[in-house]
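S.K.: Sharing my_file28.cif, mmCIF, C-alpha atoms:
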```cif
data_protein
loop_
_atom_site.label_atom_id
_atom_site.label_comp_id
_atom_site.auth_asym_id
_atom_site.auth_seq_id
_atom_site.Cartn_x
_atom_site.Cartn_y
_atom_site.Cartn_z
CA MET A 1 -27.01 9.82 -49.62
CA THR A 2 -30.23 11.73 -50.19
CA ASP A 3 -30.69 12.89 -46.58
CA GLY A 4 -27.85 15.39 -46.90
CA THR A 5 -25.72 13.91 -44.11
CA THR A 6 -22.00 13.67 -44.58
CA LEU A 7 -19.94 10.55 -44.04
CA THR A 8 -18.48 12.15 -40.90
CA ASP A 9 -22.00 12.70 -39.53
CA ARG A 10 -22.93 9.09 -40.18
CA VAL A 11 -19.72 7.77 -38.60
CA GLU A 12 -20.27 9.87 -35.46
CA ALA A 13 -23.89 8.71 -35.26
CA ALA A 14 -22.70 5.11 -35.41
CA LEU A 15 -20.14 5.76 -32.71
CA ARG A 16 -22.83 7.11 -30.42
CA THR A 17 -24.41 3.65 -30.41
CA VAL A 18 -21.26 2.19 -28.82
CA ARG A 19 -21.54 2.25 -25.03
CA ASP A 20 -19.20 2.21 -22.07
CA PRO A 21 -20.20 -1.13 -20.50
CA ALA A 22 -19.58 0.11 -16.95
CA ALA A 23 -21.28 3.53 -17.01
CA ASP A 24 -23.79 2.92 -19.85
CA LEU A 25 -22.65 6.08 -21.63
CA SER A 26 -21.76 6.52 -25.27
CA VAL A 27 -18.07 6.49 -26.08
CA PHE A 28 -18.34 10.24 -26.65
CA GLU A 29 -20.03 10.90 -23.29
CA ALA A 30 -17.46 8.69 -21.53
CA GLY A 31 -14.64 10.69 -23.12
CA PHE A 32 -13.17 7.69 -24.92
CA VAL A 33 -13.14 9.25 -28.41
CA GLU A 34 -10.50 11.95 -28.86
CA ASN A 35 -10.85 12.52 -32.61
CA VAL A 36 -12.53 11.15 -35.73
CA ALA A 37 -10.76 11.61 -39.07
CA VAL A 38 -12.54 10.78 -42.35
CA ALA A 39 -10.84 10.94 -45.75
CA ASP A 40 -11.88 9.18 -48.98
CA GLY A 41 -13.83 6.51 -47.14
CA GLU A 42 -11.00 5.78 -44.70
CA VAL A 43 -11.93 6.39 -41.05
CA THR A 44 -9.48 6.73 -38.16
CA VAL A 45 -10.90 6.87 -34.64
CA GLU A 46 -8.45 8.12 -32.00
CA THR A 47 -9.37 6.84 -28.54
CA ASP A 48 -8.14 7.09 -24.97
CA LEU A 49 -9.20 3.87 -23.22
CA THR A 50 -6.60 3.97 -20.44
CA ALA A 51 -9.36 4.18 -17.81
CA LEU A 52 -10.49 0.64 -18.78
CA ASP A 53 -8.86 -2.68 -18.07
CA GLY A 54 -7.39 -4.59 -20.99
CA GLU A 55 -10.32 -6.94 -21.65
CA THR A 56 -12.94 -4.17 -21.49
CA SER A 57 -10.77 -1.90 -23.64
CA GLN A 58 -10.49 -4.57 -26.33
CA GLY A 59 -14.27 -5.09 -26.25
CA VAL A 60 -14.90 -1.37 -26.82
CA ILE A 61 -12.43 -1.30 -29.71
CA GLU A 62 -14.14 -4.24 -31.40
CA ALA A 63 -17.54 -2.60 -30.93
CA ILE A 64 -16.24 0.63 -32.52
CA LEU A 65 -14.85 -1.29 -35.49
CA ARG A 66 -18.13 -3.14 -36.07
CA ALA A 67 -20.27 -0.01 -35.76
CA VAL A 68 -18.20 2.13 -38.13
CA ASP A 69 -17.58 -0.66 -40.63
CA ASP A 70 -21.36 -0.99 -41.16
CA VAL A 71 -21.72 2.68 -42.16
CA ASP A 72 -22.52 3.20 -45.83
CA GLY A 73 -19.54 4.76 -47.59
CA VAL A 74 -16.83 3.53 -45.20
CA GLU A 75 -14.07 1.69 -47.04
CA SER A 76 -11.83 0.97 -44.03
CA VAL A 77 -11.71 1.81 -40.34
CA HIS A 78 -8.84 1.96 -37.87
CA VAL A 79 -8.82 2.56 -34.11
CA GLU A 80 -5.69 4.23 -32.75
CA GLN A 81 -4.61 5.07 -29.21
CA ALA A 82 -4.41 8.82 -28.76
CA ALA A 83 -1.32 10.03 -26.95
CA PRO A 84 -2.75 10.61 -23.47
CA SER A 85 -1.66 13.62 -21.44
CA SER A 86 -0.23 13.17 -17.96
CA GLU A 87 -2.26 15.33 -15.62
CA GLY A 88 -0.31 14.34 -12.52
CA ARG A 89 3.33 14.32 -11.55
CA ALA A 90 5.73 11.50 -12.24
CA GLY A 91 7.17 9.52 -9.35
CA VAL A 92 6.11 8.65 -5.82
CA GLU A 93 7.00 12.15 -4.62
CA ALA A 94 3.61 13.16 -6.03
CA PHE A 95 1.81 11.63 -3.03
CA ASP A 96 0.86 13.16 0.30
CA ARG A 97 1.18 9.77 2.03
CA VAL A 98 3.05 6.59 1.11
CA ILE A 99 2.09 3.39 2.95
CA ALA A 100 4.02 0.16 2.39
CA VAL A 101 2.62 -3.30 3.08
CA ALA A 102 5.26 -5.91 3.90
CA SER A 103 5.68 -9.47 5.15
CA ALA A 104 8.58 -11.57 6.32
CA LYS A 105 7.32 -14.63 4.45
CA GLY A 106 5.40 -15.36 1.28
CA GLY A 107 1.96 -16.91 1.40
CA VAL A 108 0.65 -14.96 4.38
CA GLY A 109 -1.77 -12.87 2.29
CA LYS A 110 0.28 -9.69 1.98
CA SER A 111 -0.88 -8.80 -1.55
CA THR A 112 -4.49 -9.53 -0.61
CA VAL A 113 -4.22 -7.21 2.39
CA ALA A 114 -2.45 -4.50 0.36
CA THR A 115 -5.08 -4.60 -2.38
CA HIS A 116 -8.02 -4.60 0.05
CA LEU A 117 -6.41 -1.80 2.08
CA ALA A 118 -5.99 0.36 -1.02
CA CYS A 119 -9.63 -0.23 -1.96
CA ALA A 120 -10.71 0.68 1.60
CA LEU A 121 -8.74 3.94 1.56
CA ALA A 122 -10.20 4.76 -1.87
CA ALA A 123 -13.57 5.43 -0.21
CA ASP A 124 -12.25 8.74 1.17
CA HIS A 125 -9.03 9.44 -0.75
CA ASP A 126 -7.59 9.50 -4.25
CA VAL A 127 -5.56 6.30 -4.01
CA ALA A 128 -2.93 4.56 -6.10
CA LEU A 129 -1.65 1.01 -5.68
CA PHE A 130 1.90 0.12 -6.68
CA ASP A 131 2.74 -3.57 -7.02
CA ALA A 132 6.47 -3.65 -6.23
CA ASP A 133 6.59 -7.45 -5.96
CA ILE A 134 8.64 -7.69 -9.13
CA HIS A 135 9.06 -11.49 -9.02
CA GLY A 136 5.44 -12.35 -8.20
CA PRO A 137 3.13 -9.45 -9.15
CA ASN A 138 -0.32 -10.59 -7.98
CA VAL A 139 -2.21 -7.28 -7.85
CA PRO A 140 -3.40 -7.43 -11.50
CA THR A 141 -4.92 -10.87 -10.83
CA LEU A 142 -6.55 -9.74 -7.58
CA LEU A 143 -8.16 -6.76 -9.34
CA ASP A 144 -8.76 -8.57 -12.66
CA LEU A 145 -6.65 -6.05 -14.56
CA SER A 146 -4.48 -6.44 -17.63
CA GLY A 147 -2.38 -4.25 -19.89
CA PRO A 148 -1.37 -2.66 -22.07
CA VAL A 149 0.29 0.16 -20.17
CA HIS A 150 0.16 3.35 -22.22
CA SER A 151 2.54 6.30 -22.12
CA SER A 152 1.91 9.97 -21.55
CA GLU A 153 2.97 12.65 -24.01
CA GLU A 154 6.22 12.87 -22.04
CA GLY A 155 6.83 9.15 -22.48
CA ASP A 156 6.08 8.22 -18.85
CA PRO A 157 4.08 5.03 -18.15
CA LEU A 158 0.47 5.69 -17.19
CA PRO A 159 -1.17 3.54 -14.51
CA VAL A 160 -4.22 1.46 -15.36
CA ARG A 161 -7.42 2.72 -13.74
CA ARG A 162 -9.85 0.64 -11.70
CA GLY A 163 -12.87 2.39 -10.22
CA GLY A 164 -11.02 5.70 -9.95
CA MET A 165 -7.92 4.06 -8.41
CA ASP A 166 -4.53 4.11 -10.15
CA VAL A 167 -2.74 0.75 -10.40
CA MET A 168 0.80 0.07 -11.63
CA SER A 169 2.53 -3.30 -11.74
CA VAL A 170 5.22 -5.04 -13.72
CA GLY A 171 2.56 -7.70 -14.19
CA LEU A 172 0.57 -5.28 -16.35
CA MET A 173 3.46 -5.05 -18.78
CA GLU A 174 4.56 -8.68 -18.65
CA SER A 175 1.18 -10.43 -18.52
CA GLY A 176 1.59 -14.19 -18.42
CA THR A 177 5.38 -14.03 -18.58
CA PRO A 178 7.40 -15.64 -15.76
CA LEU A 179 9.65 -13.02 -14.21
CA ALA A 180 13.17 -14.11 -13.27
CA TRP A 181 14.90 -10.77 -12.94
CA ARG A 182 17.83 -10.55 -10.59
CA GLY A 183 20.13 -8.04 -9.03
CA ALA A 184 20.71 -4.89 -11.06
CA MET A 185 17.98 -5.76 -13.59
CA ALA A 186 15.27 -5.94 -10.91
CA HIS A 187 16.67 -2.83 -9.20
CA ASP A 188 16.65 -0.82 -12.45
CA ALA A 189 13.15 -1.94 -13.46
CA LEU A 190 11.67 -1.05 -10.09
CA SER A 191 13.52 2.26 -9.86
CA ASP A 192 12.30 3.21 -13.32
CA LEU A 193 8.67 2.62 -12.36
CA PHE A 194 9.08 4.40 -9.01
CA THR A 195 10.64 7.40 -10.72
CA ASN A 196 8.63 7.72 -13.91
CA THR A 197 5.07 6.47 -13.43
CA ALA A 198 2.74 9.41 -14.18
CA TRP A 199 0.13 9.07 -11.44
CA ARG A 200 -3.21 10.83 -11.75
CA ASN A 201 -4.10 10.41 -8.06
CA GLU A 202 -1.89 12.10 -5.50
CA ASP A 203 -3.40 11.53 -2.03
CA VAL A 204 -2.28 8.07 -0.88
CA LEU A 205 0.04 5.51 -2.46
CA VAL A 206 -0.09 1.92 -1.17
CA ILE A 207 2.99 -0.14 -2.06
CA ASP A 208 2.78 -3.93 -2.09
CA LEU A 209 6.36 -4.95 -1.28
CA PRO A 210 7.79 -8.39 -2.07
CA PRO A 211 8.10 -10.74 0.92
CA GLY A 212 11.29 -10.85 2.93
CA THR A 213 14.07 -8.32 3.20
CA GLY A 214 15.84 -8.62 -0.15
CA ASP A 215 17.18 -6.07 -2.62
CA VAL A 216 13.78 -4.79 -3.76
CA VAL A 217 12.64 -4.03 -0.21
CA LEU A 218 15.89 -2.29 0.67
CA THR A 219 15.78 -0.34 -2.61
CA THR A 220 12.29 0.86 -1.74
CA LEU A 221 13.38 2.01 1.70
CA GLN A 222 16.36 3.86 0.27
CA GLU A 223 14.66 5.54 -2.68
CA THR A 224 11.06 6.05 -1.56
CA PRO A 225 9.75 8.40 1.15
CA VAL A 226 7.67 5.81 3.04
CA ASP A 227 5.48 7.37 5.74
CA GLY A 228 4.64 4.08 7.41
CA VAL A 229 4.56 0.32 6.93
CA VAL A 230 1.91 -2.28 7.71
CA VAL A 231 3.30 -5.77 8.31
CA VAL A 232 1.24 -8.87 7.54
CA THR A 233 1.66 -12.21 9.28
CA THR A 234 -0.24 -15.31 10.24
CA PRO A 235 -0.42 -16.29 13.93
CA PHE A 236 2.04 -19.17 13.32
CA HIS A 237 5.02 -18.85 15.67
CA ALA A 238 7.69 -19.00 12.94
CA ALA A 239 5.93 -16.31 10.91
CA VAL A 240 5.56 -14.10 14.00
CA ALA A 241 9.26 -14.48 14.88
CA ASP A 242 10.36 -13.54 11.35
CA THR A 243 7.89 -10.64 11.29
CA ALA A 244 9.36 -9.27 14.53
CA ARG A 245 12.78 -9.11 12.82
CA THR A 246 11.21 -7.40 9.81
CA VAL A 247 9.67 -4.79 12.10
CA GLU A 248 13.14 -3.99 13.45
CA LEU A 249 14.51 -3.75 9.89
CA PHE A 250 12.02 -1.01 9.08
CA ARG A 251 12.71 0.84 12.32
CA ASP A 252 16.46 0.60 11.70
CA ASN A 253 15.77 2.31 8.37
CA GLU A 254 13.71 4.98 10.19
CA VAL A 255 10.39 3.84 8.71
CA PRO A 256 7.49 4.06 11.21
CA VAL A 257 5.71 0.74 11.74
CA LEU A 258 2.00 1.54 11.74
CA GLY A 259 1.05 -1.90 13.01
CA ALA A 260 0.48 -5.53 12.13
CA VAL A 261 -2.34 -7.36 10.39
CA ILE A 262 -2.85 -10.90 11.63
CA ASN A 263 -4.21 -12.75 8.62
CA MET A 264 -6.08 -16.06 8.71
CA ALA A 265 -6.49 -15.63 12.46
CA GLU A 266 -9.40 -18.08 12.52
CA TYR A 267 -11.88 -19.96 10.37
CA VAL A 268 -15.58 -19.90 11.18
CA CYS A 269 -17.30 -23.08 10.04
CA ASP A 270 -20.02 -22.44 7.45
CA CYS A 271 -22.08 -25.30 8.86
CA CYS A 272 -22.01 -24.85 12.63
CA GLY A 273 -20.61 -21.34 13.06
CA GLU A 274 -17.82 -22.54 15.36
CA ALA A 275 -14.58 -20.54 15.25
CA ASN A 276 -11.44 -22.61 14.74
CA ASP A 277 -7.77 -21.62 14.92
CA LEU A 278 -5.91 -22.44 11.70
CA PHE A 279 -2.43 -22.26 13.25
CA ALA A 280 -0.82 -23.39 16.46
CA ALA A 281 -0.34 -19.84 17.67
CA ASP A 282 2.37 -19.10 20.21
CA GLY A 283 1.15 -15.59 20.90
CA LEU A 284 2.09 -12.23 19.47
CA GLY A 285 4.00 -10.84 22.44
CA ASP A 286 7.32 -10.72 20.58
CA LEU A 287 5.93 -8.71 17.68
CA ASP A 288 6.42 -5.26 19.28
CA ALA A 289 3.84 -3.60 17.03
CA PRO A 290 0.19 -2.75 17.59
CA VAL A 291 -2.32 -5.15 16.01
CA LEU A 292 -4.42 -3.23 13.49
CA ALA A 293 -6.69 -6.12 12.54
CA GLU A 294 -7.16 -9.87 12.96
CA LEU A 295 -8.63 -11.10 9.70
CA PRO A 296 -10.53 -14.38 9.50
CA PHE A 297 -10.08 -16.94 6.76
CA THR A 298 -13.27 -16.17 4.86
CA HIS A 299 -14.74 -16.12 1.37
CA ASP A 300 -15.32 -12.36 1.73
CA LEU A 301 -11.57 -11.75 1.53
CA GLN A 302 -10.98 -14.17 -1.33
CA GLY A 303 -13.05 -12.28 -3.87
CA ARG A 304 -11.95 -9.32 -5.98
CA PRO A 305 -12.27 -6.08 -4.01
CA GLU A 306 -13.71 -2.91 -5.49
CA PRO A 307 -12.32 0.57 -4.71
CA GLY A 308 -14.53 2.11 -2.03
CA SER A 309 -16.48 -1.12 -1.42
CA VAL A 310 -14.85 -3.64 0.92
CA PRO A 311 -15.92 -5.99 3.76
CA ALA A 312 -16.55 -4.33 7.12
CA VAL A 313 -13.39 -5.78 8.70
CA ILE A 314 -11.29 -4.21 5.92
CA GLU A 315 -13.13 -0.92 6.24
CA ARG A 316 -12.13 -0.82 9.92
CA LEU A 317 -8.54 -1.68 8.95
CA GLY A 318 -8.51 1.23 6.52
CA ASP A 319 -9.72 3.62 9.23
CA ARG A 320 -7.03 2.45 11.66
CA VAL A 321 -4.25 2.69 9.08
CA ALA A 322 -5.38 6.19 8.06
CA ASP A 323 -5.33 7.28 11.70
CA ALA A 324 -1.98 5.60 12.38
CA VAL A 325 -0.23 7.24 9.43
CA GLU A 326 -1.44 10.67 10.56
CA HIS A 327 0.42 10.13 13.85
CA ALA A 328 3.36 8.13 12.48
CA GLY A 329 6.65 9.00 14.10
CA GLU A 330 4.96 10.36 17.21
CA VAL A 331 5.19 8.79 20.64
CA ASP A 332 2.53 9.26 23.27
CA VAL A 333 4.48 10.56 26.26
CA PRO A 334 2.60 10.16 29.57
CA ALA A 335 2.42 13.30 31.70
CA ASP A 336 4.47 11.67 34.45
CA ALA A 337 7.18 10.30 32.12
CA VAL A 338 10.83 11.35 32.13
CA ASP A 339 11.63 12.54 28.62
CA ILE A 340 15.41 12.62 28.09
CA ARG A 341 15.44 12.99 24.29
CA GLY A 342 18.04 15.57 23.31
CA VAL A 343 19.30 15.95 26.89
CA ALA A 344 23.03 15.92 27.76
CA PRO A 345 24.33 12.60 29.20
CA GLN A 346 24.95 13.77 32.79
CA GLU A 347 21.61 15.56 32.95
CA ARG A 348 19.88 12.41 31.67
CA LYS A 349 21.26 10.46 34.62
CA GLU A 350 20.20 13.08 37.16
CA ARG A 351 16.66 13.29 35.75
CA VAL A 352 16.28 9.51 35.93
CA ARG A 353 17.65 9.42 39.50
CA GLU A 354 15.43 12.28 40.70
CA ARG A 355 12.24 10.83 39.27
CA PHE A 356 12.84 7.21 40.28
CA GLU A 357 13.78 8.08 43.88
CA SER A 358 10.65 10.23 44.22
CA LEU A 359 8.37 7.26 43.62
CA ALA A 360 6.80 5.14 46.32
CA PRO A 361 7.12 1.35 46.14
CA GLY A 362 4.73 -0.05 43.54
CA GLU A 363 4.49 3.16 41.51
CA ARG A 364 5.28 3.14 37.78
CA PHE A 365 8.41 4.71 36.29
CA VAL A 366 8.23 5.69 32.59
CA LEU A 367 11.21 6.86 30.53
CA VAL A 368 11.25 8.13 26.93
CA SER A 369 14.64 8.16 25.21
CA ASP A 370 16.12 8.75 21.77
CA ARG A 371 18.42 5.75 22.18
CA ASP A 372 17.96 2.23 23.49
CA PRO A 373 17.49 2.69 27.28
CA THR A 374 18.09 -0.95 28.21
CA PRO A 375 21.29 -0.06 30.16
CA VAL A 376 19.17 2.23 32.36
CA ALA A 377 17.65 -0.88 33.92
CA GLY A 378 20.96 -1.62 35.64
CA PHE A 379 21.11 1.93 36.99
CA LEU A 380 17.55 1.61 38.33
CA SER A 381 18.37 -1.66 40.06
CA ARG A 382 21.30 0.00 41.83
CA LEU A 383 19.07 2.87 42.94
CA ALA A 384 16.49 0.39 44.22
CA GLU A 385 19.25 -1.70 45.85
CA THR A 386 17.81 -4.82 44.28
CA PRO A 387 19.21 -7.41 41.84
CA ARG A 388 18.78 -6.52 38.16
CA ASP A 389 16.62 -9.56 37.44
CA ALA A 390 14.34 -8.71 40.35
CA LEU A 391 13.29 -5.43 38.73
CA ASP A 392 10.32 -5.69 36.36
CA VAL A 393 11.47 -3.62 33.35
CA ASP A 394 9.93 -3.43 29.88
CA VAL A 395 11.67 -1.69 26.95
CA ARG A 396 10.00 -1.12 23.60
CA ARG A 397 10.87 0.84 20.50
CA ALA A 398 7.83 3.04 19.94
CA THR A 399 9.05 4.78 16.77
CA PRO A 400 12.23 4.63 14.67
CA THR A 401 13.79 7.27 16.94
CA ALA A 402 12.05 6.82 20.30
CA TRP A 403 12.21 4.10 22.95
CA VAL A 404 10.00 3.73 26.02
CA LEU A 405 11.15 2.06 29.25
CA GLU A 406 8.64 1.16 31.94
CA ALA A 407 9.49 -0.20 35.38
CA GLU A 408 7.86 -0.61 38.76
CA ARG A 409 9.55 1.07 41.71
#
```
Is it possible to express this structure as structure tokens?

M.R.:
Amino acid sequence: MTDGTTLTDRVEAALRTVRDPAADLSVFEAGFVENVAVADGEVTVETDLTALDGETSQGVIEAILRAVDDVDGVESVHVEQAAPSSEGRAGVEAFDRVIAVASAKGGVGKSTVATHLACALAADHDVALFDADIHGPNVPTLLDLSGPVHSSEEGDPLPVRRGGMDVMSVGLMESGTPLAWRGAMAHDALSDLFTNTAWRNEDVLVIDLPPGTGDVVLTTLQETPVDGVVVVTTPFHAAVADTARTVELFRDNEVPVLGAVINMAEYVCDCCGEANDLFAADGLGDLDAPVLAELPFTHDLQGRPEPGSVPAVIERLGDRVADAVEHAGEVDVPADAVDIRGVAPQERKERVRERFESLAPGERFVLVSDRDPTPVAGFLSRLAETPRDALDVDVRRATPTAWVLEAER
């Protein structure tokens, strides 16, 4: 060449014409090129494309190959994945908050809710989404993500990035392959990902659990510090009944239930605007969990969500979940309540007696206990000298370790 430029200069100039399709930056400005090695006409470009999904990553690689191959003096060109460095900590212990999304049945929209919730929380937090549904990993499809999953210098799997959000799923490693793992195999695969994934984000982890209460769910409860769970159900009576049992499963495992999302609550006709119920609902009274959102069956929730940009109804859900997890494990004790948590048995009885007998007919009696206070109802009926079934008593489990009893004197 007569212009005095070296082959390395010409290769780097060609690379600067290759753009990041999302940010419209050169591959150098986007930080995709780690190193360029030129020797005897052979060019090796080391890249770190882990921030891109599989299809976009492959497109950038092909563009790099075309650009460099056209440079005068290049005999061959190779693109290699640089060994990326793990900036975060491995394992779910890296996160400040861990929120699980669960359902008693499949097909109620759990993965859709989990994915949208993660994208909603990503507006204000560094969020990661873990697809723990090892038999039916749908998160990659919902976010239009694909592998490969790369490893850090320590050999830990690195999550795929989507709009600044970390995503990990077995589906990213087994794209298109039916998964029929059972027993110990599923347990080991999930435990390995829980333990070793090198997350970059460390604020909030959303876990999309498989439906039901099988081995994977129980493994998650035993091995993962879950701060709270959101349960997803439709209004259909069978789904609600099963969800109520799932709520108790989490509380029995001392996992706070943040609330329930009622999915496909109604469909609003595109033509006339009339709201229609999709299910023969029998009510949600048996659910024993606050309703965080009632989501309509709508096209807005069938598209692919973007981190930080979600429909308004999901944005409100994200705000409520964020508030609920901040107060998870707490119980709002009314000023006039009898709180017998941690109190000796005989003193418990005297406190209940003293408070109940001080009330006038029609006044409300509220009791907070660290064990199921249902037997207290019989004691109250004896104090009131009325049959047990004549006393209006309501008992609910407010947190994994706190029950509330309410009765009318």

S.K.: Ranking A:Val376, A:Leu209, A:Leu218, A:Met165 by minimum distance to Lys349 in chain A and counting only C-alpha atoms, which one comes first?

M.R.: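 Selected residue with least distance to Lys349 in chain A: A:Val376.
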
S.K.: Would you list the contacts of Glu408 in chain A as JSON, numbers by chain, taking every protein, DNA or RNA residue within 10 Å and counting all atoms listed in the file, but skipping same-chain residues closer than 4 positions in sequence?

M.R.: {"A": [356, 359, 360, 361, 362, 363, 364, 365, 366, 380, 391, 392, 393, 394]}

S.K.: Of the candidates A:Gln302, A:Ser151, A:Thr56, A:Ser103, which shows the shortest atom-to-atom distance to Val240 in chain A, using only C-alpha atoms?

M.R.: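 The closest residue to Val240 in chain A is A:Ser103.
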
S.K.: Mind giving me the straight-line distance from CA of Val368 in chain A to CA of Pro225 in chain A in Å, one decimal?

M.R.: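 A separation of 25.8 Å between them.
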
S.K.: For CA of Leu292 in chain A and CA of Leu317 in chain A, determine how far apart the two atoms are, in Å to one decimal place.

M.R.: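 Result for CA of Leu292 in chain A versus CA of Leu317 in chain A: 6.3 Å, one decimal.
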